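*Asks:* mmCIF, N, CA and C atoms, saved as target16.cif, coming up:
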```
data_protein
#
loop_
_atom_site.label_atom_id
_atom_site.label_comp_id
_atom_site.auth_asym_id
_atom_site.auth_seq_id
_atom_site.Cartn_x
_atom_site.Cartn_y
_atom_site.Cartn_z
N MET A 17 128.76 110.52 71.51
CA MET A 17 128.82 109.33 70.70
C MET A 17 127.40 108.80 70.57
N LEU A 18 126.97 108.66 69.36
CA LEU A 18 125.58 108.28 69.10
C LEU A 18 125.53 106.90 68.47
N HIS A 19 125.10 105.95 69.23
CA HIS A 19 124.96 104.56 68.79
C HIS A 19 126.22 104.05 68.10
N THR A 20 127.30 104.17 68.82
CA THR A 20 128.57 103.64 68.34
C THR A 20 128.52 102.12 68.36
N TYR A 21 129.45 101.50 67.69
CA TYR A 21 129.54 100.05 67.79
C TYR A 21 130.97 99.70 68.14
N PHE A 22 131.19 99.36 69.39
CA PHE A 22 132.49 98.92 69.86
C PHE A 22 132.42 97.42 70.08
N GLN A 23 133.55 96.78 69.93
CA GLN A 23 133.60 95.34 70.12
C GLN A 23 135.02 94.94 70.46
N GLY A 24 135.21 93.74 70.91
CA GLY A 24 136.54 93.24 71.22
C GLY A 24 136.55 91.73 71.17
N THR A 25 137.66 91.16 71.57
CA THR A 25 137.82 89.71 71.55
C THR A 25 136.81 89.03 72.46
N GLU A 26 136.62 89.56 73.66
CA GLU A 26 135.71 88.96 74.64
C GLU A 26 134.29 89.47 74.44
N PRO A 27 133.32 88.58 74.21
CA PRO A 27 131.93 89.03 74.08
C PRO A 27 131.37 89.52 75.41
N ILE A 28 130.48 90.51 75.33
CA ILE A 28 129.84 91.05 76.54
C ILE A 28 128.33 91.15 76.30
N GLY A 29 127.59 91.23 77.37
CA GLY A 29 126.15 91.46 77.30
C GLY A 29 125.45 90.55 76.30
N PRO A 30 124.63 91.14 75.39
CA PRO A 30 123.86 90.36 74.43
C PRO A 30 124.73 89.55 73.46
N GLU A 31 126.02 89.92 73.33
CA GLU A 31 126.90 89.17 72.43
C GLU A 31 127.10 87.74 72.93
N LEU A 32 126.84 87.51 74.22
CA LEU A 32 127.00 86.17 74.79
C LEU A 32 125.87 85.23 74.39
N ALA A 33 124.73 85.78 73.97
CA ALA A 33 123.58 84.93 73.68
C ALA A 33 122.87 85.36 72.40
N LYS A 34 121.90 86.27 72.54
CA LYS A 34 121.02 86.59 71.40
C LYS A 34 121.75 87.25 70.23
N ASP A 35 122.85 87.96 70.47
CA ASP A 35 123.57 88.64 69.39
C ASP A 35 124.85 87.92 68.99
N ARG A 36 124.95 86.65 69.32
CA ARG A 36 126.17 85.87 69.02
C ARG A 36 126.46 85.84 67.51
N ASP A 37 125.43 85.61 66.69
CA ASP A 37 125.63 85.56 65.24
C ASP A 37 126.00 86.93 64.68
N PHE A 38 125.38 87.98 65.22
CA PHE A 38 125.69 89.34 64.79
C PHE A 38 127.16 89.65 65.10
N LYS A 39 127.62 89.28 66.30
CA LYS A 39 129.02 89.51 66.68
C LYS A 39 129.96 88.76 65.73
N ALA A 40 129.63 87.53 65.40
CA ALA A 40 130.49 86.75 64.49
C ALA A 40 130.62 87.44 63.14
N GLY A 41 129.51 87.96 62.62
CA GLY A 41 129.55 88.67 61.35
C GLY A 41 130.34 89.96 61.43
N THR A 42 130.18 90.69 62.52
CA THR A 42 130.90 91.94 62.71
C THR A 42 132.39 91.68 62.90
N ASP A 43 132.72 90.61 63.63
CA ASP A 43 134.14 90.23 63.80
C ASP A 43 134.79 90.00 62.44
N LEU A 44 134.11 89.25 61.59
CA LEU A 44 134.65 88.95 60.26
C LEU A 44 134.80 90.22 59.44
N THR A 45 133.80 91.09 59.46
CA THR A 45 133.87 92.34 58.72
C THR A 45 135.05 93.18 59.17
N TRP A 46 135.25 93.29 60.50
CA TRP A 46 136.37 94.07 61.02
C TRP A 46 137.71 93.47 60.60
N LYS A 47 137.83 92.16 60.66
CA LYS A 47 139.08 91.50 60.27
C LYS A 47 139.40 91.76 58.80
N LEU A 48 138.37 91.74 57.96
CA LEU A 48 138.58 92.03 56.54
C LEU A 48 138.93 93.49 56.29
N ALA A 49 138.28 94.38 57.01
CA ALA A 49 138.47 95.82 56.81
C ALA A 49 139.79 96.32 57.37
N SER A 50 140.29 95.67 58.41
CA SER A 50 141.46 96.21 59.10
C SER A 50 142.75 95.47 58.79
N LYS A 51 142.74 94.54 57.91
CA LYS A 51 143.87 93.71 57.48
C LYS A 51 145.08 93.69 58.41
N ALA A 52 145.90 94.73 58.40
CA ALA A 52 147.18 94.71 59.10
C ALA A 52 147.11 95.15 60.56
N ARG A 53 145.95 95.46 61.05
CA ARG A 53 145.83 95.94 62.43
C ARG A 53 145.95 94.79 63.42
N VAL A 54 145.73 95.09 64.69
CA VAL A 54 145.96 94.11 65.75
C VAL A 54 144.77 93.21 66.04
N GLY A 55 143.74 93.24 65.23
CA GLY A 55 142.60 92.36 65.43
C GLY A 55 141.45 93.02 66.16
N LEU A 56 140.66 92.21 66.86
CA LEU A 56 139.44 92.70 67.50
C LEU A 56 139.69 93.63 68.68
N ASP A 57 140.89 93.62 69.22
CA ASP A 57 141.20 94.53 70.32
C ASP A 57 141.96 95.77 69.86
N ASP A 58 141.90 96.06 68.57
CA ASP A 58 142.44 97.30 68.03
C ASP A 58 141.70 98.45 68.70
N PRO A 59 142.38 99.47 69.19
CA PRO A 59 141.71 100.59 69.85
C PRO A 59 140.66 101.30 68.99
N MET A 60 140.75 101.16 67.66
CA MET A 60 139.73 101.77 66.81
C MET A 60 138.41 101.00 66.90
N PHE A 61 138.46 99.75 67.30
CA PHE A 61 137.28 98.89 67.39
C PHE A 61 136.91 98.61 68.85
N ASN A 62 137.88 98.69 69.73
CA ASN A 62 137.68 98.43 71.15
C ASN A 62 138.40 99.52 71.95
N PRO A 63 137.79 100.70 72.09
CA PRO A 63 138.46 101.83 72.74
C PRO A 63 138.92 101.54 74.16
N ALA A 64 138.34 100.56 74.82
CA ALA A 64 138.77 100.22 76.18
C ALA A 64 140.22 99.74 76.19
N LYS A 65 140.73 99.30 75.06
CA LYS A 65 142.11 98.83 74.96
C LYS A 65 143.08 99.95 74.59
N ASP A 66 142.56 101.15 74.40
CA ASP A 66 143.40 102.30 74.05
C ASP A 66 143.99 102.91 75.31
N PRO A 67 145.30 102.87 75.48
CA PRO A 67 145.90 103.45 76.69
C PRO A 67 145.74 104.97 76.77
N ARG A 68 145.34 105.61 75.68
CA ARG A 68 145.18 107.06 75.65
C ARG A 68 143.74 107.50 75.82
N ILE A 69 142.83 106.60 76.18
CA ILE A 69 141.40 106.94 76.24
C ILE A 69 141.12 108.08 77.21
N SER A 70 141.92 108.21 78.25
CA SER A 70 141.70 109.29 79.21
C SER A 70 142.10 110.65 78.65
N LYS A 71 142.72 110.69 77.50
CA LYS A 71 143.16 111.94 76.89
C LYS A 71 142.30 112.28 75.67
N PHE A 72 141.01 111.98 75.73
CA PHE A 72 140.10 112.26 74.62
C PHE A 72 140.05 113.75 74.26
N GLY A 73 140.45 114.61 75.17
CA GLY A 73 140.46 116.03 74.89
C GLY A 73 139.17 116.73 75.23
N CYS A 74 138.35 116.11 76.06
CA CYS A 74 137.11 116.75 76.47
C CYS A 74 136.84 116.38 77.93
N SER A 75 136.05 117.20 78.57
CA SER A 75 135.77 116.95 79.98
C SER A 75 134.50 116.13 80.19
N ARG A 76 133.67 116.02 79.14
CA ARG A 76 132.43 115.24 79.26
C ARG A 76 132.21 114.45 77.98
N ILE A 77 131.61 113.29 78.13
CA ILE A 77 131.22 112.47 76.99
C ILE A 77 129.80 112.01 77.25
N LEU A 78 128.93 112.17 76.27
CA LEU A 78 127.59 111.61 76.34
C LEU A 78 127.56 110.44 75.39
N MET A 79 127.22 109.28 75.91
CA MET A 79 127.13 108.10 75.07
C MET A 79 125.68 107.66 75.04
N CYS A 80 125.13 107.56 73.85
CA CYS A 80 123.74 107.13 73.68
C CYS A 80 123.75 105.79 72.99
N ASP A 81 122.96 104.87 73.52
CA ASP A 81 122.96 103.53 72.95
C ASP A 81 121.60 102.91 73.14
N GLY A 82 121.40 101.76 72.57
CA GLY A 82 120.11 101.06 72.61
C GLY A 82 119.97 100.06 73.73
N GLU A 83 120.61 99.65 74.56
CA GLU A 83 120.36 98.81 75.72
C GLU A 83 121.66 98.08 76.01
N GLU A 84 122.72 98.74 75.81
CA GLU A 84 124.04 98.21 76.11
C GLU A 84 124.61 99.03 77.24
N TRP A 85 125.71 98.64 77.76
CA TRP A 85 126.36 99.39 78.82
C TRP A 85 127.84 99.46 78.56
N VAL A 86 128.46 100.50 79.09
CA VAL A 86 129.91 100.67 79.02
C VAL A 86 130.32 101.29 80.35
N ASP A 87 131.40 100.80 80.92
CA ASP A 87 131.89 101.34 82.18
C ASP A 87 132.82 102.52 81.91
N GLY A 88 132.82 103.49 82.79
CA GLY A 88 133.72 104.62 82.64
C GLY A 88 133.13 105.89 83.21
N ARG A 89 133.86 106.99 83.06
CA ARG A 89 133.42 108.27 83.56
C ARG A 89 132.82 109.08 82.42
N PHE A 90 131.55 108.94 82.20
CA PHE A 90 130.83 109.71 81.21
C PHE A 90 129.34 109.56 81.49
N GLU A 91 128.55 110.36 80.82
CA GLU A 91 127.11 110.26 80.98
C GLU A 91 126.58 109.24 79.99
N MET A 92 125.66 108.42 80.44
CA MET A 92 125.09 107.38 79.59
C MET A 92 123.60 107.61 79.48
N PHE A 93 123.09 107.51 78.28
CA PHE A 93 121.65 107.59 78.04
C PHE A 93 121.27 106.33 77.29
N GLU A 94 120.45 105.52 77.89
CA GLU A 94 120.07 104.24 77.31
C GLU A 94 118.62 104.30 76.85
N SER A 95 118.38 103.87 75.63
CA SER A 95 117.02 103.77 75.11
C SER A 95 116.55 102.34 75.31
N LYS A 96 115.77 102.13 76.35
CA LYS A 96 115.31 100.78 76.72
C LYS A 96 114.50 100.14 75.59
N GLY A 97 114.79 98.88 75.35
CA GLY A 97 114.02 98.11 74.38
C GLY A 97 114.31 98.44 72.93
N GLU A 98 115.34 99.23 72.66
CA GLU A 98 115.63 99.64 71.28
C GLU A 98 116.90 98.97 70.77
N ARG A 99 116.93 98.78 69.47
CA ARG A 99 118.10 98.20 68.81
C ARG A 99 119.00 99.33 68.31
N HIS A 100 120.14 98.95 67.80
CA HIS A 100 121.14 99.88 67.29
C HIS A 100 120.53 100.78 66.21
N VAL A 101 120.75 102.06 66.27
CA VAL A 101 120.30 103.13 65.37
C VAL A 101 118.79 103.12 65.10
N PHE A 102 118.01 102.73 66.09
CA PHE A 102 116.55 102.69 65.96
C PHE A 102 115.97 104.03 65.53
N PHE A 103 116.58 105.13 65.95
CA PHE A 103 116.07 106.48 65.72
C PHE A 103 116.12 106.88 64.25
N LEU A 104 116.89 106.15 63.43
CA LEU A 104 116.94 106.45 61.99
C LEU A 104 115.71 105.93 61.26
N PHE A 105 115.07 104.92 61.83
CA PHE A 105 113.96 104.26 61.15
C PHE A 105 112.60 104.71 61.65
N ASN A 106 112.53 105.27 62.84
CA ASN A 106 111.27 105.78 63.39
C ASN A 106 111.59 107.07 64.12
N THR A 107 111.76 108.13 63.36
CA THR A 107 112.25 109.39 63.92
C THR A 107 111.27 110.08 64.86
N SER A 108 110.00 109.72 64.81
CA SER A 108 109.02 110.39 65.67
C SER A 108 108.59 109.53 66.86
N SER A 109 109.25 108.39 67.07
CA SER A 109 108.88 107.54 68.21
C SER A 109 109.19 108.26 69.52
N LYS A 110 108.56 107.81 70.58
CA LYS A 110 108.77 108.40 71.90
C LYS A 110 110.25 108.34 72.29
N ASN A 111 110.89 107.21 72.05
CA ASN A 111 112.31 107.07 72.41
C ASN A 111 113.22 107.92 71.54
N ALA A 112 112.89 108.07 70.24
CA ALA A 112 113.70 108.93 69.37
C ALA A 112 113.60 110.39 69.81
N CYS A 113 112.41 110.82 70.19
CA CYS A 113 112.23 112.19 70.69
C CYS A 113 112.99 112.41 72.00
N ALA A 114 112.93 111.43 72.89
CA ALA A 114 113.65 111.53 74.16
C ALA A 114 115.15 111.59 73.92
N LEU A 115 115.63 110.83 72.95
CA LEU A 115 117.06 110.83 72.62
C LEU A 115 117.49 112.20 72.10
N ARG A 116 116.72 112.78 71.18
CA ARG A 116 117.05 114.11 70.65
C ARG A 116 117.07 115.15 71.77
N LYS A 117 116.09 115.07 72.68
CA LYS A 117 116.05 116.03 73.79
C LYS A 117 117.28 115.88 74.67
N ARG A 118 117.68 114.64 74.94
CA ARG A 118 118.84 114.40 75.81
C ARG A 118 120.12 114.93 75.18
N ILE A 119 120.25 114.76 73.87
CA ILE A 119 121.42 115.29 73.16
C ILE A 119 121.44 116.81 73.25
N GLY A 120 120.28 117.44 73.03
CA GLY A 120 120.19 118.90 73.14
C GLY A 120 120.53 119.38 74.54
N ASP A 121 120.03 118.67 75.56
CA ASP A 121 120.32 119.06 76.94
C ASP A 121 121.81 118.92 77.25
N PHE A 122 122.44 117.92 76.67
CA PHE A 122 123.89 117.72 76.88
C PHE A 122 124.69 118.83 76.24
N ILE A 123 124.30 119.20 75.01
CA ILE A 123 125.01 120.25 74.27
C ILE A 123 124.82 121.61 74.93
N ASN A 124 123.62 121.89 75.41
CA ASN A 124 123.35 123.17 76.02
C ASN A 124 122.71 122.98 77.39
N PRO A 125 123.52 122.64 78.40
CA PRO A 125 122.96 122.35 79.72
C PRO A 125 122.33 123.55 80.40
N ILE A 126 122.70 124.76 80.04
CA ILE A 126 122.13 125.96 80.66
C ILE A 126 120.66 126.11 80.26
N LEU A 127 120.36 125.98 78.96
CA LEU A 127 118.97 126.09 78.52
C LEU A 127 118.11 124.93 79.01
N SER A 128 118.71 123.76 79.19
CA SER A 128 117.92 122.61 79.62
C SER A 128 117.42 122.77 81.05
N LYS A 129 118.06 123.64 81.84
CA LYS A 129 117.65 123.87 83.23
C LYS A 129 116.66 125.03 83.35
N ALA A 130 116.45 125.73 82.25
CA ALA A 130 115.55 126.91 82.28
C ALA A 130 114.10 126.51 82.35
#
```
As structure tokens - that is how I would like this structure written.

*Replies:*
Amino acid sequence: MLHTYFQGTEPIGPELAKDRDFKAGTDLTWKLASKARVGLDDPMFNPAKDPRISKFGCSRILMCDGEEWVDGRFEMFESKGERHVFFLFNTSSKNACALRKRIGDFINPILSKA
């Protein structure tokens, strides 16, 4: 999962302070886009509320994000000091290169140890 955007009814991390306005806008967008769904805790928007999350169908998940955290059993790669999808705007930055390397190492762990 590469810079996903999950959200729910309860704000977490930066949503409590500096990203409060961003969360409000995203909440509104989701409510408009999902009309008949169950709201901000819809499993499509807040996978932690999905009772089937343990049945993703894979043994490993690599989650890459810009300075957020998620609890669970998977590998996390955090790009310190970066915002959401930073790698699209500065593809040759040190952090973008490190992110690409980490994704490659995850996909092919045998070559990454060579």

*Asks:* Apply the PyMOL selection byres ((chain A and resi 60-65) around 6) to the displayed file and report the matching residues as a list in words.

*Replies:*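 Selection result, ordered by chain and number: Phe22, Gln23, Gly24, Leu56, Asp57, Asp58, Pro59, Asp66 and Pro67 of chain A.
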
*Asks:* One decimal, in Å: what's the spacing between CA of Ile28 (chain A) and CA of Val101 (chain A)?

*Replies:*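 Computing the Euclidean distance for CA of Ile28 (chain A) and CA of Val101 (chain A) yields 19.0 Å.
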
*Asks:* Suppose you want the space between CA of Lys117 (chain A) and CA of Phe93 (chain A); what is it in Å?

*Replies:* 11.0 Å

*Asks:* Using Å and a single decimal, report how far atom C of Arg99 (chain A) sits from CA of Thr25 (chain A).

*Replies:*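 Separating CA of Thr25 (chain A) from atom C of Arg99 (chain A) is a distance of 21.4 Å.
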
*Asks:* Could you rebuild region 24-45 of chain A with N, CA, C and O atoms and give it back as a short mmCIF file (atom, residue, chain, number, x, y, z; two decimals), in the frame of the given file?

*Replies:*
```
data_model
loop_
_atom_site.label_atom_id
_atom_site.label_comp_id
_atom_site.auth_asym_id
_atom_site.auth_seq_id
_atom_site.Cartn_x
_atom_site.Cartn_y
_atom_site.Cartn_z
N GLY A 24 135.21 93.74 70.91
CA GLY A 24 136.54 93.24 71.22
C GLY A 24 136.55 91.73 71.17
O GLY A 24 135.57 91.08 70.80
N THR A 25 137.66 91.16 71.57
CA THR A 25 137.82 89.71 71.55
C THR A 25 136.81 89.03 72.46
O THR A 25 136.19 88.05 72.08
N GLU A 26 136.62 89.56 73.66
CA GLU A 26 135.71 88.96 74.64
C GLU A 26 134.29 89.47 74.44
O GLU A 26 134.05 90.68 74.48
N PRO A 27 133.32 88.58 74.21
CA PRO A 27 131.93 89.03 74.08
C PRO A 27 131.37 89.52 75.41
O PRO A 27 131.77 89.05 76.47
N ILE A 28 130.48 90.51 75.33
CA ILE A 28 129.84 91.05 76.54
C ILE A 28 128.33 91.15 76.30
O ILE A 28 127.87 91.19 75.16
N GLY A 29 127.59 91.23 77.37
CA GLY A 29 126.15 91.46 77.30
C GLY A 29 125.45 90.55 76.30
O GLY A 29 125.64 89.34 76.30
N PRO A 30 124.63 91.14 75.39
CA PRO A 30 123.86 90.36 74.43
C PRO A 30 124.73 89.55 73.46
O PRO A 30 124.26 88.61 72.84
N GLU A 31 126.02 89.92 73.33
CA GLU A 31 126.90 89.17 72.43
C GLU A 31 127.10 87.74 72.93
O GLU A 31 127.48 86.86 72.18
N LEU A 32 126.84 87.51 74.22
CA LEU A 32 127.00 86.17 74.79
C LEU A 32 125.87 85.23 74.39
O LEU A 32 126.01 84.02 74.46
N ALA A 33 124.73 85.78 73.97
CA ALA A 33 123.58 84.93 73.68
C ALA A 33 122.87 85.36 72.40
O ALA A 33 123.23 84.93 71.32
N LYS A 34 121.90 86.27 72.54
CA LYS A 34 121.02 86.59 71.40
C LYS A 34 121.75 87.25 70.23
O LYS A 34 121.31 87.12 69.10
N ASP A 35 122.85 87.96 70.47
CA ASP A 35 123.57 88.64 69.39
C ASP A 35 124.85 87.92 68.99
O ASP A 35 125.74 88.50 68.37
N ARG A 36 124.95 86.65 69.32
CA ARG A 36 126.17 85.87 69.02
C ARG A 36 126.46 85.84 67.51
O ARG A 36 127.59 86.04 67.09
N ASP A 37 125.43 85.61 66.69
CA ASP A 37 125.63 85.56 65.24
C ASP A 37 126.00 86.93 64.68
O ASP A 37 126.83 87.05 63.78
N PHE A 38 125.38 87.98 65.22
CA PHE A 38 125.69 89.34 64.79
C PHE A 38 127.16 89.65 65.10
O PHE A 38 127.87 90.21 64.28
N LYS A 39 127.62 89.28 66.30
CA LYS A 39 129.02 89.51 66.68
C LYS A 39 129.96 88.76 65.73
O LYS A 39 130.97 89.31 65.30
N ALA A 40 129.63 87.53 65.40
CA ALA A 40 130.49 86.75 64.49
C ALA A 40 130.62 87.44 63.14
O ALA A 40 131.72 87.52 62.58
N GLY A 41 129.51 87.96 62.62
CA GLY A 41 129.55 88.67 61.35
C GLY A 41 130.34 89.96 61.43
O GLY A 41 131.12 90.30 60.53
N THR A 42 130.18 90.69 62.52
CA THR A 42 130.90 91.94 62.71
C THR A 42 132.39 91.68 62.90
O THR A 42 133.23 92.42 62.39
N ASP A 43 132.72 90.61 63.63
CA ASP A 43 134.14 90.23 63.80
C ASP A 43 134.79 90.00 62.44
O ASP A 43 135.88 90.51 62.17
N LEU A 44 134.11 89.25 61.59
CA LEU A 44 134.65 88.95 60.26
C LEU A 44 134.80 90.22 59.44
O LEU A 44 135.84 90.43 58.79
N THR A 45 133.80 91.09 59.46
CA THR A 45 133.87 92.34 58.72
C THR A 45 135.05 93.18 59.17
O THR A 45 135.80 93.73 58.35
#
```
